[in-house]
Amino acid sequence: MNVLGIDIGGSGIKGAPVDTEAGRLIEERLRVPTPQPSGPGEVAEAVAEIVEHFGWTGPVGVTFPGVVVNGVVRSAANVDRSWIGEDAAALFGGASVLNDADAAGVAEMTFGCGREERGTVLVLTFGTGIGSALFADGTLVPNTELGHLELHGKDAEHRASARAREEHELSWDQWAERVQEYLEHVEMLFSPSLIVIGGGASKKADKFLPHITIRTPVVPAALQNEAGIIGAALAARP
Ligand code: BGC
């Protein structure tokens with residue numbers, strides 16, 4: 001069936017109708033910049049704009065870049081803090097709402113690199129922040145928030161996200177060193193059988209993945225930046 005998937009990120013909000021059996025977008029996606037300030041009212045307007053653009057009346061799934069429990073937002077590292085405590089599912093008119101990395105992870109596990117992969121799989125998204133989705137034999141453990149592990153006394157995503165690379169003007173090699181260090185830490189904690197790298201950085205995997213030398217196989221996300229939209233849609237299947 002077709003479901004509208006909307007992916008809310010720190011810099012852009014992207015949406016498209018998705019064929020949830022095939023795991024692909026059926027129309028060209030629409031991207032609107034994340035409003036600033038990025039509070040619930042402003043973001044809800046942007047989401048409504050996407051729904052209207054596609055003239056959508058069917059089910060809608062929405063991702064959010066923070067912890068989401070039963071549709072309620074519990075953290076907001078890269079969007080306005082006024083989101084905390086907001087019932088996002090109600091705000092978006094009864095849409096299914098889940099964490100952005102969890103959505104991307106579910107899409108990768110269903111249609112991408114994680115298909116048929118058992119054991120412990122981690123999908124890590126490198127964008128404005130670092131998102132994480134943890135799977136045990138294909139089952140998601142939601143809201144793991146591994147981007148906020150501490151590295152050198154700092155939040156890991158402040159050192160190793162794609163935004164950190166741009167803000168600190170790091171070369172790909174320099175950034176890869178930080179990603180390597182982060183992945184070593186994650187590997188030590190979880191001993192995964194596979195790590196999938198998603199988010200904006202997955203499109204540039206050839207620039208940094210060759211420098212990554214951990215034991216665990218590390219692969220770029222097959223669905224790249226569309227994983228969030230597809231995962232949002234999967235979450236809203238009736
Ligand atoms: C948030 C996560 C989110 C990630 C990627 C982090 O700062 O805490 O919930 O998945 O950024 O957007």
# chains A, B, ... in the order shown; residues from 1 in each chain; ligands from 1

$ residues_around --residues "A:Ser193" --least-positions-apart "5" --cutoff "10 Å" --atoms "only C-alpha atoms" --output "count of residues only"
11

$ closest_atom_pairs --of "chain A" --to "ligand 1" --cutoff "10 Å" --atoms "only C-alpha atoms and all ligand atoms" --output "JSON lines"
{"residue": "A:Asp7", "atom": "CA", "partner": "ligand 1", "partner_atom_place_in_ligand_line": "12 (O)", "distance": 10.0}
{"residue": "A:Ile8", "atom": "CA", "partner": "ligand 1", "partner_atom_place_in_ligand_line": "12 (O)", "distance": 8.5}
{"residue": "A:Gly9", "atom": "CA", "partner": "ligand 1", "partner_atom_place_in_ligand_line": "12 (O)", "distance": 6.2}
{"residue": "A:Gly10", "atom": "CA", "partner": "ligand 1", "partner_atom_place_in_ligand_line": "12 (O)", "distance": 6.9}
{"residue": "A:Ser11", "atom": "CA", "partner": "ligand 1", "partner_atom_place_in_ligand_line": "12 (O)", "distance": 10.0}
{"residue": "A:Thr63", "atom": "CA", "partner": "ligand 1", "partner_atom_place_in_ligand_line": "10 (O)", "distance": 9.1}
{"residue": "A:Phe64", "atom": "CA", "partner": "ligand 1", "partner_atom_place_in_ligand_line": "9 (O)", "distance": 7.4}
{"residue": "A:Pro65", "atom": "CA", "partner": "ligand 1", "partner_atom_place_in_ligand_line": "12 (O)", "distance": 4.1}
{"residue": "A:Gly66", "atom": "CA", "partner": "ligand 1", "partner_atom_place_in_ligand_line": "9 (O)", "distance": 3.1}
{"residue": "A:Val67", "atom": "CA", "partner": "ligand 1", "partner_atom_place_in_ligand_line": "9 (O)", "distance": 5.0}
{"residue": "A:Val68", "atom": "CA", "partner": "ligand 1", "partner_atom_place_in_ligand_line": "9 (O)", "distance": 8.1}
{"residue": "A:Val73", "atom": "CA", "partner": "ligand 1", "partner_atom_place_in_ligand_line": "9 (O)", "distance": 9.6}
{"residue": "A:Arg74", "atom": "CA", "partner": "ligand 1", "partner_atom_place_in_ligand_line": "9 (O)", "distance": 9.1}
{"residue": "A:Ser75", "atom": "CA", "partner": "ligand 1", "partner_atom_place_in_ligand_line": "8 (O)", "distance": 6.5}
{"residue": "A:Ala76", "atom": "CA", "partner": "ligand 1", "partner_atom_place_in_ligand_line": "8 (O)", "distance": 6.2}
{"residue": "A:Ala77", "atom": "CA", "partner": "ligand 1", "partner_atom_place_in_ligand_line": "7 (O)", "distance": 4.6}
{"residue": "A:Asn78", "atom": "CA", "partner": "ligand 1", "partner_atom_place_in_ligand_line": "7 (O)", "distance": 5.6}
{"residue": "A:Val79", "atom": "CA", "partner": "ligand 1", "partner_atom_place_in_ligand_line": "7 (O)", "distance": 8.7}
{"residue": "A:Leu98", "atom": "CA", "partner": "ligand 1", "partner_atom_place_in_ligand_line": "10 (O)", "distance": 9.5}
{"residue": "A:Asn99", "atom": "CA", "partner": "ligand 1", "partner_atom_place_in_ligand_line": "10 (O)", "distance": 5.7}
{"residue": "A:Asp100", "atom": "CA", "partner": "ligand 1", "partner_atom_place_in_ligand_line": "10 (O)", "distance": 5.2}
{"residue": "A:Ala101", "atom": "CA", "partner": "ligand 1", "partner_atom_place_in_ligand_line": "10 (O)", "distance": 4.7}
{"residue": "A:Asp102", "atom": "CA", "partner": "ligand 1", "partner_atom_place_in_ligand_line": "10 (O)", "distance": 7.3}
{"residue": "A:Ala103", "atom": "CA", "partner": "ligand 1", "partner_atom_place_in_ligand_line": "10 (O)", "distance": 9.2}
{"residue": "A:Ala104", "atom": "CA", "partner": "ligand 1", "partner_atom_place_in_ligand_line": "10 (O)", "distance": 9.5}
{"residue": "A:Leu124", "atom": "CA", "partner": "ligand 1", "partner_atom_place_in_ligand_line": "5 (C)", "distance": 8.7}
{"residue": "A:Thr125", "atom": "CA", "partner": "ligand 1", "partner_atom_place_in_ligand_line": "5 (C)", "distance": 6.5}
{"residue": "A:Phe126", "atom": "CA", "partner": "ligand 1", "partner_atom_place_in_ligand_line": "5 (C)", "distance": 7.2}
{"residue": "A:Gly127", "atom": "CA", "partner": "ligand 1", "partner_atom_place_in_ligand_line": "5 (C)", "distance": 6.6}
{"residue": "A:Thr128", "atom": "CA", "partner": "ligand 1", "partner_atom_place_in_ligand_line": "12 (O)", "distance": 6.2}
{"residue": "A:Gly129", "atom": "CA", "partner": "ligand 1", "partner_atom_place_in_ligand_line": "11 (O)", "distance": 3.9}
{"residue": "A:Ile130", "atom": "CA", "partner": "ligand 1", "partner_atom_place_in_ligand_line": "4 (C)", "distance": 4.7}
{"residue": "A:Gly131", "atom": "CA", "partner": "ligand 1", "partner_atom_place_in_ligand_line": "4 (C)", "distance": 3.6}
{"residue": "A:Ser132", "atom": "CA", "partner": "ligand 1", "partner_atom_place_in_ligand_line": "10 (O)", "distance": 6.1}
{"residue": "A:Ala133", "atom": "CA", "partner": "ligand 1", "partner_atom_place_in_ligand_line": "10 (O)", "distance": 8.3}
{"residue": "A:Asn143", "atom": "CA", "partner": "ligand 1", "partner_atom_place_in_ligand_line": "9 (O)", "distance": 6.8}
{"residue": "A:Thr144", "atom": "CA", "partner": "ligand 1", "partner_atom_place_in_ligand_line": "9 (O)", "distance": 8.1}
{"residue": "A:Glu145", "atom": "CA", "partner": "ligand 1", "partner_atom_place_in_ligand_line": "2 (C)", "distance": 5.5}
{"residue": "A:Leu146", "atom": "CA", "partner": "ligand 1", "partner_atom_place_in_ligand_line": "2 (C)", "distance": 8.1}
{"residue": "A:Gly147", "atom": "CA", "partner": "ligand 1", "partner_atom_place_in_ligand_line": "6 (C)", "distance": 5.9}
{"residue": "A:His148", "atom": "CA", "partner": "ligand 1", "partner_atom_place_in_ligand_line": "8 (O)", "distance": 6.9}
{"residue": "A:Asp155", "atom": "CA", "partner": "ligand 1", "partner_atom_place_in_ligand_line": "7 (O)", "distance": 9.4}
{"residue": "A:Ala156", "atom": "CA", "partner": "ligand 1", "partner_atom_place_in_ligand_line": "7 (O)", "distance": 9.7}
{"residue": "A:Glu157", "atom": "CA", "partner": "ligand 1", "partner_atom_place_in_ligand_line": "7 (O)", "distance": 7.0}
{"residue": "A:His158", "atom": "CA", "partner": "ligand 1", "partner_atom_place_in_ligand_line": "7 (O)", "distance": 9.1}
{"residue": "A:Ser161", "atom": "CA", "partner": "ligand 1", "partner_atom_place_in_ligand_line": "11 (O)", "distance": 9.0}
{"residue": "A:Gly199", "atom": "CA", "partner": "ligand 1", "partner_atom_place_in_ligand_line": "5 (C)", "distance": 8.3}

$ residues_around --residues "A:Ala160" --least-positions-apart "3" --cutoff "6 Å" --atoms "only C-alpha atoms" --output "count of residues only"
4

$ select_by_dssp --residues "stretch 27-177 of chain A" --states "strand (DSSP E or B)" --output "VMD selection string"
chain A and resid 30 to 33 60 to 64 68 to 69 72 to 73 87 96 to 99 120 to 126 130 to 136 139 to 141 150 to 151 154 to 155

$ write_last_selection --atoms "N, CA and C atoms" --output "short mmCIF file (atom, residue, chain, number, x, y, z; two decimals), in the first residue's frame"
data_model
loop_
_atom_site.label_atom_id
_atom_site.label_comp_id
_atom_site.auth_asym_id
_atom_site.auth_seq_id
_atom_site.Cartn_x
_atom_site.Cartn_y
_atom_site.Cartn_z
N LEU A 30 9.64 15.93 -1.85
CA LEU A 30 9.67 17.38 -1.64
C LEU A 30 10.50 17.65 -0.40
N ARG A 31 11.43 18.62 -0.50
CA ARG A 31 12.25 19.00 0.66
C ARG A 31 11.99 20.46 0.98
N VAL A 32 11.66 20.75 2.24
CA VAL A 32 11.55 22.15 2.67
C VAL A 32 12.57 22.34 3.79
N PRO A 33 13.19 23.53 3.87
CA PRO A 33 14.17 23.73 4.95
C PRO A 33 13.48 23.65 6.31
N VAL A 60 -0.07 8.58 7.24
CA VAL A 60 1.17 9.37 7.23
C VAL A 60 2.08 8.88 8.36
N GLY A 61 3.36 8.70 8.04
CA GLY A 61 4.37 8.37 9.06
C GLY A 61 5.40 9.49 9.08
N VAL A 62 5.83 9.86 10.28
CA VAL A 62 6.75 10.99 10.43
C VAL A 62 7.91 10.59 11.33
N THR A 63 9.14 10.96 10.94
CA THR A 63 10.28 10.73 11.82
C THR A 63 10.58 12.02 12.57
N PHE A 64 11.24 11.86 13.72
CA PHE A 64 11.64 13.02 14.53
C PHE A 64 13.07 12.79 15.02
N VAL A 68 11.38 9.36 20.89
CA VAL A 68 9.91 9.40 20.78
C VAL A 68 9.35 8.14 21.43
N VAL A 69 8.53 8.34 22.44
CA VAL A 69 7.91 7.19 23.11
C VAL A 69 6.39 7.35 23.01
N VAL A 72 5.15 10.62 21.88
CA VAL A 72 5.52 11.82 22.65
C VAL A 72 7.04 12.02 22.60
N VAL A 73 7.46 13.27 22.32
CA VAL A 73 8.88 13.59 22.20
C VAL A 73 9.51 13.71 23.58
N ASP A 87 3.19 15.99 22.32
CA ASP A 87 2.59 14.79 21.72
C ASP A 87 2.61 14.99 20.21
N SER A 96 1.81 8.29 12.61
CA SER A 96 2.74 7.48 13.41
C SER A 96 4.05 8.24 13.46
N VAL A 97 4.62 8.41 14.66
CA VAL A 97 5.85 9.19 14.79
C VAL A 97 6.90 8.33 15.48
N LEU A 98 8.11 8.31 14.92
CA LEU A 98 9.19 7.54 15.52
C LEU A 98 10.52 8.26 15.32
N ASN A 99 11.53 7.82 16.06
CA ASN A 99 12.87 8.41 15.94
C ASN A 99 13.41 8.26 14.52
N THR A 120 23.32 -9.02 16.04
CA THR A 120 23.21 -7.61 16.44
C THR A 120 23.64 -6.73 15.27
N VAL A 121 22.73 -5.90 14.80
CA VAL A 121 23.05 -4.98 13.70
C VAL A 121 22.84 -3.56 14.19
N LEU A 122 23.78 -2.69 13.86
CA LEU A 122 23.64 -1.28 14.20
C LEU A 122 23.57 -0.45 12.93
N VAL A 123 22.55 0.38 12.84
CA VAL A 123 22.47 1.34 11.75
C VAL A 123 22.78 2.70 12.38
N LEU A 124 23.84 3.36 11.91
CA LEU A 124 24.25 4.64 12.48
C LEU A 124 24.13 5.71 11.40
N THR A 125 23.43 6.79 11.70
CA THR A 125 23.25 7.84 10.69
C THR A 125 24.12 9.04 11.07
N PHE A 126 24.89 9.51 10.10
CA PHE A 126 25.77 10.67 10.32
C PHE A 126 25.21 11.85 9.53
N ILE A 130 24.34 12.32 15.34
CA ILE A 130 24.56 10.90 15.02
C ILE A 130 23.35 10.16 15.58
N GLY A 131 22.67 9.43 14.71
CA GLY A 131 21.51 8.65 15.14
C GLY A 131 21.88 7.17 15.17
N SER A 132 21.13 6.40 15.97
CA SER A 132 21.44 4.96 16.04
C SER A 132 20.17 4.14 16.06
N ALA A 133 20.23 2.99 15.40
CA ALA A 133 19.14 2.01 15.48
C ALA A 133 19.78 0.65 15.73
N LEU A 134 19.37 0.01 16.81
CA LEU A 134 19.95 -1.26 17.23
C LEU A 134 18.94 -2.39 16.97
N PHE A 135 19.39 -3.45 16.30
CA PHE A 135 18.53 -4.59 15.99
C PHE A 135 19.13 -5.87 16.57
N ALA A 136 18.28 -6.64 17.23
CA ALA A 136 18.69 -7.95 17.72
C ALA A 136 17.86 -8.97 16.94
N THR A 139 14.89 -7.48 15.32
CA THR A 139 13.93 -6.71 16.13
C THR A 139 14.57 -5.42 16.62
N LEU A 140 13.90 -4.31 16.39
CA LEU A 140 14.42 -3.00 16.79
C LEU A 140 14.33 -2.81 18.31
N VAL A 141 15.43 -2.30 18.89
CA VAL A 141 15.41 -1.81 20.27
C VAL A 141 15.38 -0.28 20.13
N GLU A 150 29.88 9.23 25.24
CA GLU A 150 30.91 10.23 25.51
C GLU A 150 32.25 9.82 24.91
N LEU A 151 32.88 10.74 24.20
CA LEU A 151 34.22 10.51 23.65
C LEU A 151 35.07 11.69 24.07
N LYS A 154 33.32 14.44 25.68
CA LYS A 154 32.36 15.20 24.87
C LYS A 154 31.30 14.28 24.29
N ASP A 155 30.16 14.88 23.96
CA ASP A 155 29.12 14.17 23.26
C ASP A 155 29.71 13.70 21.92
#

$ atom_distance --atom1 "atom CA of A:Ala205" --atom2 "atom CA of A:Leu183"
14.6 Å

$ closest_residue --among "A:Gly58, A:Gly94, A:Pro37, A:Gly198" --to "A:Asn225" --atoms "only C-alpha atoms"
A:Gly198

$ select_by_dssp --residues "chain A" --states "helix (DSSP H, G or I)" --output "JSON, numbers by chain"
{"A": [40, 41, 42, 43, 44, 45, 46, 47, 48, 49, 50, 51, 52, 53, 81, 82, 83, 88, 89, 90, 91, 100, 101, 102, 103, 104, 105, 106, 107, 108, 109, 110, 111, 146, 147, 148, 156, 157, 158, 159, 160, 162, 163, 164, 165, 166, 167, 172, 173, 174, 175, 176, 177, 178, 179, 180, 181, 182, 183, 184, 185, 186, 187, 188, 189, 190, 200, 201, 202, 203, 204, 205, 206, 207, 208, 209, 210, 211, 224, 225, 226, 227, 228, 229, 230, 231, 232, 233, 234, 235]}

$ closest_residue --among "A:Glu27, A:Glu52, A:Asp137, A:Glu108" --to "A:Pro220" --atoms "only C-alpha atoms"
A:Glu108

$ residues_around --residues "stretch 39-42 of chain A" --least-positions-apart "4" --cutoff "7 Å" --atoms "only C-alpha atoms" --output "compact mmCIF listing (two decimals) with C-alpha atoms, in the first residue's frame"
# COMPACT_ATOMS: atom_id res chain seq x y z
CA PRO A 35 12.10 26.35 9.94
CA ALA A 46 6.07 22.57 7.21
CA ASP A 80 14.02 23.54 19.50
CA SER A 82 10.19 23.31 23.32
CA TRP A 83 9.50 19.95 21.61

$ atom_distance --atom1 "atom CA of A:Thr34" --atom2 "atom CA of A:Gly5"
16.0 Å

$ atom_distance --atom1 "atom CA of A:Ala16" --atom2 "atom CA of A:Ile50"
8.2 Å

$ closest_residue --among "A:Leu223, A:Ile6, A:Cys113, A:Ala162" --to "A:Phe92" --atoms "only C-alpha atoms"
A:Ile6

$ residues_around --residues "A:Ala176" --least-positions-apart "4" --cutoff "9 Å" --atoms "only C-alpha atoms" --output "PyMOL selection string"
chain A and resi 160+171-172+180-181+207-212
